[in-house]
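Colleague: One structure follows; several queries about it will come next.
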Amino acid sequence: MENRKDVSVHGTVIRVQGAVVDFKFENNKVPEIYEALTLKMPSGDDLVLETMFEMDNFEVRTMAMGSTNGIKRGMKAARTFAPIMVPVGDKTLGRMFNVLGETIDSLEKIDNSVERYSIHKSAPVFTDQKTAPEMLETGLKVIDLVSPFTKGGKIGIFGGAGVGKTVIVKELIRNIATIHKGHSVFAGVGERTREGTDLWMEMIESQIMDKTVLVFGQMNEPPGNRMRVALTALTMAEYFRDKKSEDVLLFIDNVFRFAQAGSEVSALLGRMPSAVGYQPNLAKDIGDLQERITSTNNGSVTSVQAVYVPADDYTDPAPVAIFSHLDATLTLDRTIMEQGLYPAVNPLTSSSKLLNPNIVGNEHYNTTMSVKKILQKYKDLQDIIAILGIDELSDEDKLIVSRARKVQRFLTQPLFVAETFTGLGGRYVKTEDTIKGFKEIIEGKHDSLPEQAFYMIGSIEEAIEKSKK
Amino acid sequence: MQNLQQIKKRIKTTNSIAQISKAMEMISASKIRKVQSSVDRYNPYAKKIKCMVQKIIVDKDLADNVENSSKYEGNKLVYIISPDKGLCGGLIVNLFKKVNSYVKKSDYVVAIGKKAANNATKYYYNVLASFNMGTSFPKYDDIYPLINTANNFYVSKEVTKISIIYTEFKNIITQEAIINEIFPIKYDKNFQNHEKIDYIFEPNSKQVFKDLLPYYFEVEFYGALMNAYASEQAARMIAMKNAKDNASDISASLVNIYNKSRQEKITNEILDLANGQQGT
């Protein structure tokens, strides 16, 4: 990019369509793709727009990072000769930002002396990327068992509306971020503003706010904000990884909204809609974001991303496109939630690349496999039970059913962040205890205990104690 | 949206399950009619025989024997009557709950019906013999081998008690697993209330009792077999009716899901087409 900051070049608004604004520039001085423009709104505020398209030598199509109410044809916008730049570094810690890197926590403003990075950047090259298979304990039985997280890996939490994605993300923040030595970045993308406030309060309460950065572009904001806010957060996380060589945690809730925002403006930008109305470049949009979230030889980014699954349809193009980028996936299932089993993780469809006997060890691997096997068998038997009744099962099958039901109950766990809902104190269960518990249930050591004893507990010892009461 | 082909396959499976269970229900239903009338005709006869036996054993010549024989302590000979095949609801489960609480490891067992034989070997009982129950109404001849076993073991003093465990046919809906201790014969209060008539036994009560005893056994065994058979058919009829209803319900809801996903797919395709046209 040439440095022509001294030259003030203005474009004129020629068309406004929702969040998409077209500008005309004279003398071939059209801005480059991703370049930010600033427009003085009648209210006196600056509106930032990002260049998306160069239509020809004069006209550009831009996306507004804010409300376009009040824009008139003929208004002027100035080129900034740079993409959106957001502050990075230690000054950002403990603060809350919007998509443009402006603070929104009503504390002192971040001045211009702070280093700023462009939110657009290419992904690390092949040779820089690093994968070290090391397990990250979460303290959640079901996750540690069926979908162990990788340090420096990408984890997706898939689920339909209201099955508890955000609760799991918050629990993970509590369990991982509080004991994590390095810095954490949280991106709230198109989710409830209230959840953001809750999180901020909780972080201050648990005294981890001073090593955390919060970035929000919630559901009340225009599509442009929601589309770029993930990049803003990512840029801040990348700084810690690349410049400070740290191990960073990045939480994104909800990365689907990023794709959704893209689809909201896709047609306005003049692109032909693709399957289910998504933007035709959905895979590229998601690829651009996801490929940057990676661990390098310098440092690592461990990311936990919540992914909304529209209408519980896992074949929807957006979740499908996100799916392939992840190292570990947790799928939350409405049918499990309806049985009152929380967290509603479906162990049969959740998986992790880490689940390999060479990495997690034979015992862990075998236990997970036998848990999946017994649950699969129970699922297969469910049709028979539904039609003929449980009495028609052979004694072996009845034993499988009773153990599978115990395993299902033991997969539940009271969460720290859901204490107000369950009335039960949260539990942190070590991986060894988790594996030991499941192994013992499947081996039949606890056949004599009632299945209710396994519901909403921590380690297996609690089941024994609970059954005594 | 689920895979349409998969749903279709499941609908087909549940439909054929419904069909099979409907056929089984109808078979049992036709059988039960015949059995029911046999049971109805048999009951008065059995009652009469029992009544006679009870009347004789109160005779003073026999009273000592009756009392003594009930004092013997020893192993039991237990006849377990079950169906050959499953698919009859909780019948077998309930029967074996009763069996497990009654039969000791040292007792001898004669298993009638494949399920009885399988379960008896599973619990390591001493199985002397096993017979098949068969799919047709039990014949009167079937009981002789059973009685012979009992006879031999009792005469050789290896057992002191003989009982039959079977499911009693109360009506179509209820069958109850019961333990019938047929030998040694005990006083039964139900038959004692009758007015005492002073019979004159010719030549004597012992001889009459000796002649009557085989009939008593035959009646008890045949009654048990008939009851077991009747309750098997009744239980199967009810179980299959429920299975048929459940399968039809599942099939109906699957058809719903199938139609919904099919329509969803079509709508999406139309939407894509419409969107595409608008875009050009």
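Identifiers in the structure tokens: chain A, B, ... in order shown; residue index from 1 per chain; ligand index from 1 in order shown.
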If the cut-off is 9 Å, can you tell me the residues of chain A near chain B, counting only C-alpha atoms? I'd like them as a list of chain:residue names.
Modeller: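 Matching residues, ligands excluded from the count: A:Ala267, A:Gly270, A:Arg271, A:Met272, A:Pro273, A:Ser274, A:Ala275, A:Val276, A:Gly277, A:Asp312, A:Asp313, A:Tyr314, A:Thr315, A:Asp383, A:Ala386, A:Ile387, A:Leu388, A:Gly389, A:Ile390, A:Asp391, A:Glu392.
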Colleague: Next, dump the selected residues to file, keeping only N, CA and C atoms, as a PDB file, in the first residue's frame.
Modeller:
```
ATOM      1  N   ALA A 267     -26.159 -11.001  -0.840  1.00  0.00           N
ATOM      2  CA  ALA A 267     -26.977 -10.614  -1.985  1.00  0.00           C
ATOM      3  C   ALA A 267     -26.878  -9.110  -2.240  1.00  0.00           C
ATOM      4  N   GLY A 270     -24.190  -8.094  -4.266  1.00  0.00           N
ATOM      5  CA  GLY A 270     -24.316  -8.441  -5.667  1.00  0.00           C
ATOM      6  C   GLY A 270     -23.813  -9.819  -6.001  1.00  0.00           C
ATOM      7  N   ARG A 271     -23.735 -10.681  -4.986  1.00  0.00           N
ATOM      8  CA  ARG A 271     -23.304 -12.049  -5.268  1.00  0.00           C
ATOM      9  C   ARG A 271     -24.527 -12.925  -5.428  1.00  0.00           C
ATOM     10  N   MET A 272     -24.415 -13.913  -6.270  1.00  0.00           N
ATOM     11  CA  MET A 272     -25.533 -14.820  -6.446  1.00  0.00           C
ATOM     12  C   MET A 272     -25.593 -15.773  -5.257  1.00  0.00           C
ATOM     13  N   PRO A 273     -26.766 -15.910  -4.637  1.00  0.00           N
ATOM     14  CA  PRO A 273     -26.826 -16.778  -3.467  1.00  0.00           C
ATOM     15  C   PRO A 273     -26.544 -18.226  -3.841  1.00  0.00           C
ATOM     16  N   SER A 274     -25.921 -18.908  -2.927  1.00  0.00           N
ATOM     17  CA  SER A 274     -25.614 -20.321  -3.138  1.00  0.00           C
ATOM     18  C   SER A 274     -26.594 -21.153  -2.313  1.00  0.00           C
ATOM     19  N   ALA A 275     -26.280 -22.402  -2.082  1.00  0.00           N
ATOM     20  CA  ALA A 275     -27.192 -23.307  -1.386  1.00  0.00           C
ATOM     21  C   ALA A 275     -27.710 -22.712  -0.079  1.00  0.00           C
ATOM     22  N   VAL A 276     -29.003 -22.872   0.175  1.00  0.00           N
ATOM     23  CA  VAL A 276     -29.691 -22.383   1.362  1.00  0.00           C
ATOM     24  C   VAL A 276     -29.494 -20.871   1.557  1.00  0.00           C
ATOM     25  N   GLY A 277     -29.190 -20.153   0.488  1.00  0.00           N
ATOM     26  CA  GLY A 277     -29.093 -18.710   0.567  1.00  0.00           C
ATOM     27  C   GLY A 277     -27.772 -18.183   1.097  1.00  0.00           C
ATOM     28  N   ASP A 312     -31.250 -27.526  13.927  1.00  0.00           N
ATOM     29  CA  ASP A 312     -30.664 -28.825  14.262  1.00  0.00           C
ATOM     30  C   ASP A 312     -30.235 -29.633  13.030  1.00  0.00           C
ATOM     31  N   ASP A 313     -29.988 -28.927  11.938  1.00  0.00           N
ATOM     32  CA  ASP A 313     -29.656 -29.610  10.695  1.00  0.00           C
ATOM     33  C   ASP A 313     -28.142 -29.580  10.487  1.00  0.00           C
ATOM     34  N   TYR A 314     -27.525 -30.710  10.759  1.00  0.00           N
ATOM     35  CA  TYR A 314     -26.064 -30.767  10.665  1.00  0.00           C
ATOM     36  C   TYR A 314     -25.566 -30.790   9.230  1.00  0.00           C
ATOM     37  N   THR A 315     -26.501 -30.866   8.265  1.00  0.00           N
ATOM     38  CA  THR A 315     -26.060 -30.839   6.877  1.00  0.00           C
ATOM     39  C   THR A 315     -26.107 -29.422   6.306  1.00  0.00           C
ATOM     40  N   ASP A 383     -35.134 -49.612  19.445  1.00  0.00           N
ATOM     41  CA  ASP A 383     -36.269 -49.921  18.590  1.00  0.00           C
ATOM     42  C   ASP A 383     -36.987 -51.160  19.101  1.00  0.00           C
ATOM     43  N   ALA A 386     -38.858 -50.308  22.154  1.00  0.00           N
ATOM     44  CA  ALA A 386     -40.049 -49.515  21.843  1.00  0.00           C
ATOM     45  C   ALA A 386     -41.170 -50.387  21.309  1.00  0.00           C
ATOM     46  N   ILE A 387     -40.825 -51.413  20.565  1.00  0.00           N
ATOM     47  CA  ILE A 387     -41.866 -52.237  19.947  1.00  0.00           C
ATOM     48  C   ILE A 387     -42.289 -53.383  20.862  1.00  0.00           C
ATOM     49  N   LEU A 388     -41.329 -54.133  21.353  1.00  0.00           N
ATOM     50  CA  LEU A 388     -41.675 -55.366  22.072  1.00  0.00           C
ATOM     51  C   LEU A 388     -41.638 -55.236  23.586  1.00  0.00           C
ATOM     52  N   GLY A 389     -41.036 -54.182  24.081  1.00  0.00           N
ATOM     53  CA  GLY A 389     -40.919 -54.052  25.532  1.00  0.00           C
ATOM     54  C   GLY A 389     -39.608 -54.638  26.018  1.00  0.00           C
ATOM     55  N   ILE A 390     -39.170 -54.168  27.168  1.00  0.00           N
ATOM     56  CA  ILE A 390     -37.836 -54.539  27.663  1.00  0.00           C
ATOM     57  C   ILE A 390     -37.774 -56.005  28.080  1.00  0.00           C
ATOM     58  N   ASP A 391     -38.934 -56.624  28.359  1.00  0.00           N
ATOM     59  CA  ASP A 391     -38.948 -58.012  28.809  1.00  0.00           C
ATOM     60  C   ASP A 391     -38.465 -58.992  27.745  1.00  0.00           C
ATOM     61  N   GLU A 392     -38.601 -58.584  26.488  1.00  0.00           N
ATOM     62  CA  GLU A 392     -38.218 -59.523  25.434  1.00  0.00           C
ATOM     63  C   GLU A 392     -36.712 -59.582  25.207  1.00  0.00           C
TER      64      GLU A 392
END
```
Colleague: So which residues touch region 12-27 of chain A within 12 Å, counting only C-alpha atoms, skipping near sequence neighbours fewer than 4 positions away, as an MDAnalysis selection string?
Modeller: chainID A and resid 8 31:32 37:40 47:79 221:227 261:262 264:270
Colleague: So which bits of region 110-188 of chain B end up alpha helix (DSSP H) when you DSSP the backbone, as a VMD selection string?
Modeller: chain B and resid 114 to 122 143 to 155
Colleague: Based on the selection just made, write N, CA and C atoms of those residues as a JSON list (two decimals), in the first residue's frame.
Modeller:
```
[["chain", "number", "residue", "atom", "x", "y", "z"],
["B", 114, "LYS", "N", -38.84, -75.05, 26.10],
["B", 114, "LYS", "CA", -37.42, -74.75, 25.84],
["B", 114, "LYS", "C", -36.91, -73.63, 26.75],
["B", 115, "LYS", "N", -37.77, -72.64, 27.00],
["B", 115, "LYS", "CA", -37.32, -71.51, 27.83],
["B", 115, "LYS", "C", -37.01, -71.99, 29.24],
["B", 116, "ALA", "N", -37.84, -72.91, 29.74],
["B", 116, "ALA", "CA", -37.60, -73.45, 31.07],
["B", 116, "ALA", "C", -36.28, -74.19, 31.08],
["B", 117, "ALA", "N", -36.05, -75.00, 30.03],
["B", 117, "ALA", "CA", -34.81, -75.78, 29.96],
["B", 117, "ALA", "C", -33.59, -74.86, 29.92],
["B", 118, "ASN", "N", -33.67, -73.82, 29.06],
["B", 118, "ASN", "CA", -32.53, -72.90, 28.94],
["B", 118, "ASN", "C", -32.23, -72.20, 30.26],
["B", 119, "ASN", "N", -33.29, -71.69, 30.87],
["B", 119, "ASN", "CA", -33.09, -70.94, 32.10],
["B", 119, "ASN", "C", -32.61, -71.84, 33.23],
["B", 120, "ALA", "N", -33.16, -73.07, 33.28],
["B", 120, "ALA", "CA", -32.76, -73.99, 34.35],
["B", 120, "ALA", "C", -31.28, -74.32, 34.25],
["B", 121, "THR", "N", -30.79, -74.54, 33.03],
["B", 121, "THR", "CA", -29.36, -74.83, 32.89],
["B", 121, "THR", "C", -28.53, -73.60, 33.22],
["B", 122, "LYS", "N", -29.10, -72.42, 32.91],
["B", 122, "LYS", "CA", -28.35, -71.20, 33.18],
["B", 122, "LYS", "C", -28.14, -70.98, 34.68],
["B", 143, "ILE", "N", -48.63, -86.39, 29.52],
["B", 143, "ILE", "CA", -48.34, -86.28, 30.94],
["B", 143, "ILE", "C", -47.78, -87.56, 31.53],
["B", 144, "TYR", "N", -47.91, -88.67, 30.82],
["B", 144, "TYR", "CA", -47.44, -89.93, 31.43],
["B", 144, "TYR", "C", -45.94, -89.94, 31.72],
["B", 145, "PRO", "N", -45.13, -89.52, 30.75],
["B", 145, "PRO", "CA", -43.68, -89.50, 31.08],
["B", 145, "PRO", "C", -43.37, -88.60, 32.27],
["B", 146, "LEU", "N", -44.12, -87.53, 32.42],
["B", 146, "LEU", "CA", -43.88, -86.62, 33.53],
["B", 146, "LEU", "C", -44.20, -87.32, 34.85],
["B", 147, "ILE", "N", -45.32, -88.02, 34.85],
["B", 147, "ILE", "CA", -45.73, -88.68, 36.09],
["B", 147, "ILE", "C", -44.75, -89.80, 36.45],
["B", 148, "ASN", "N", -44.26, -90.48, 35.41],
["B", 148, "ASN", "CA", -43.32, -91.57, 35.67],
["B", 148, "ASN", "C", -42.08, -91.08, 36.42],
["B", 149, "THR", "N", -41.56, -89.96, 35.95],
["B", 149, "THR", "CA", -40.37, -89.41, 36.61],
["B", 149, "THR", "C", -40.67, -89.16, 38.09],
["B", 150, "ALA", "N", -41.80, -88.52, 38.31],
["B", 150, "ALA", "CA", -42.17, -88.21, 39.69],
["B", 150, "ALA", "C", -42.29, -89.48, 40.52],
["B", 151, "ASN", "N", -42.91, -90.45, 39.92],
["B", 151, "ASN", "CA", -43.11, -91.72, 40.59],
["B", 151, "ASN", "C", -41.79, -92.35, 41.02],
["B", 152, "ASN", "N", -40.89, -92.45, 40.03],
["B", 152, "ASN", "CA", -39.60, -93.09, 40.31],
["B", 152, "ASN", "C", -38.86, -92.39, 41.42],
["B", 153, "PHE", "N", -38.81, -91.07, 41.34],
["B", 153, "PHE", "CA", -38.01, -90.34, 42.31],
["B", 153, "PHE", "C", -38.62, -90.35, 43.70],
["B", 154, "TYR", "N", -39.94, -90.40, 43.72],
["B", 154, "TYR", "CA", -40.56, -90.41, 45.04],
["B", 154, "TYR", "C", -40.43, -91.77, 45.70],
["B", 155, "VAL", "N", -40.61, -92.79, 44.88],
["B", 155, "VAL", "CA", -40.53, -94.15, 45.43],
["B", 155, "VAL", "C", -39.11, -94.42, 45.92]]
```
Colleague: Write out as a VMD selection string which residues come within 12 Å of region 67-73 of chain B when counting only C-alpha atoms, dropping same-chain ones fewer than 4 positions away.
Modeller: chain B and resid 57 to 58 60 to 63 154 157 to 162 181 to 187
Colleague: Which is closest to Met133 (chain B) among B:Lys206, B:Lys85, B:Lys98, B:Lys50, if we use only C-alpha atoms?
Modeller: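 Closest candidate: B:Lys85.
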Colleague: Quick one: everything within 6 Å of region 188-205 of chain A, counting only C-alpha atoms, minus sequence neighbours fewer than 6 positions away in the same chain. Send it as an MDAnalysis selection string.
Modeller: chainID A and resid 216:219 226 253:254 257
Colleague: From the set A:Lys379, A:His120, A:Lys109, A:His180, which residue has the shortest atom-to-atom contact distance to Ala36 (chain A), counting only C-alpha atoms?
Modeller: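 Checking each candidate against Ala36 (chain A), we get A:His120 as the closest.
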Colleague: Which one is closest to Asp380 (chain A): A:Val163, A:Ile400, A:Ile110, A:Val304? Count only C-alpha atoms.
Modeller: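 Of all the options, A:Ile400 lies closest to Asp380 (chain A).
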Colleague: Could you tell me, as a PDB file with C-alpha atoms, in the first residue's frame, which residues of region 128-233 of chain A DSSP assigns to strand (DSSP E or B) when given the backbone?
Modeller:
```pdb
ATOM      1  CA  GLN A 129       2.490 -24.333  11.515  1.00  0.00           C
ATOM      2  CA  MET A 135      -4.119 -33.199  25.825  1.00  0.00           C
ATOM      3  CA  LEU A 136      -5.750 -30.268  27.542  1.00  0.00           C
ATOM      4  CA  PHE A 149      -9.012 -31.246  23.590  1.00  0.00           C
ATOM      5  CA  THR A 150      -5.639 -30.530  22.060  1.00  0.00           C
ATOM      6  CA  LYS A 154      -9.335 -25.966  17.468  1.00  0.00           C
ATOM      7  CA  ILE A 155     -12.420 -27.190  19.210  1.00  0.00           C
ATOM      8  CA  GLY A 156     -15.952 -26.729  17.956  1.00  0.00           C
ATOM      9  CA  ILE A 157     -19.089 -27.027  20.037  1.00  0.00           C
ATOM     10  CA  PHE A 158     -22.029 -27.670  17.737  1.00  0.00           C
ATOM     11  CA  GLY A 159     -25.634 -27.416  18.747  1.00  0.00           C
ATOM     12  CA  SER A 184      -7.201 -15.278  26.807  1.00  0.00           C
ATOM     13  CA  VAL A 185      -9.267 -13.537  24.179  1.00  0.00           C
ATOM     14  CA  PHE A 186     -13.022 -13.847  24.020  1.00  0.00           C
ATOM     15  CA  ALA A 187     -14.993 -12.905  20.918  1.00  0.00           C
ATOM     16  CA  GLY A 188     -18.746 -12.500  21.236  1.00  0.00           C
ATOM     17  CA  VAL A 189     -20.083 -12.775  17.714  1.00  0.00           C
ATOM     18  CA  THR A 212      -8.289 -11.333  29.246  1.00  0.00           C
ATOM     19  CA  VAL A 213      -9.440  -9.344  26.246  1.00  0.00           C
ATOM     20  CA  LEU A 214     -13.125  -9.196  25.408  1.00  0.00           C
ATOM     21  CA  VAL A 215     -14.341  -8.284  21.932  1.00  0.00           C
ATOM     22  CA  PHE A 216     -18.028  -7.988  21.198  1.00  0.00           C
ATOM     23  CA  GLY A 217     -20.144  -7.558  18.111  1.00  0.00           C
TER      24      GLY A 217
END
```
Colleague: Please indicate the distance in Å from CA of Ile81 (chain B) to CA of Tyr42 (chain B), rounded to one decimal place.
Modeller: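 Taking CA of Ile81 (chain B) as the start and CA of Tyr42 (chain B) as the end point, the length is 18.7 Å.
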Colleague: My list of candidates is A:Gln408, A:Gln382, A:Ser300, A:Asn358. Which is closest to Met337 (chain A) when distances are computed with only C-alpha atoms?
Modeller: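 Of all the options, A:Gln408 lies closest to Met337 (chain A).
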Colleague: Could you check the closest approach to Tyr308 (chain A) for each of A:Asn346, A:Thr166, A:Gln339, A:Thr131 and tell me which residue wins, using only C-alpha atoms?
Modeller: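 Between A:Asn346, A:Thr166, A:Gln339, A:Thr131, the residue approaching Tyr308 (chain A) most closely is A:Thr166.
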Colleague: Hey, can you check how far CA of Lys31 (chain B) sits from CA of Met237 (chain B)?
Modeller: 9.7 Å
Colleague: In Å, how far is it from CA of Phe256 (chain A) to CA of Ile286 (chain A)?
Modeller: 9.3 Å
Colleague: Calculated over only C-alpha atoms, which of the candidates A:Glu134, A:Glu443, A:Asp333, A:Asp45 has the smallest distance to Lys353 (chain A)?
Modeller: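 Counting only C-alpha atoms, the residue closest to Lys353 (chain A) is A:Glu134.
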Colleague: Would you list the contacts of Thr174 (chain B) as a list in words, taking every protein, DNA or RNA residue within 9 Å and counting only C-alpha atoms, but skipping same-chain residues closer than 5 positions in sequence?
Modeller: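 Returned residues: Glu168, Phe169, Ser231, Ala234 and Ala235 of chain B.
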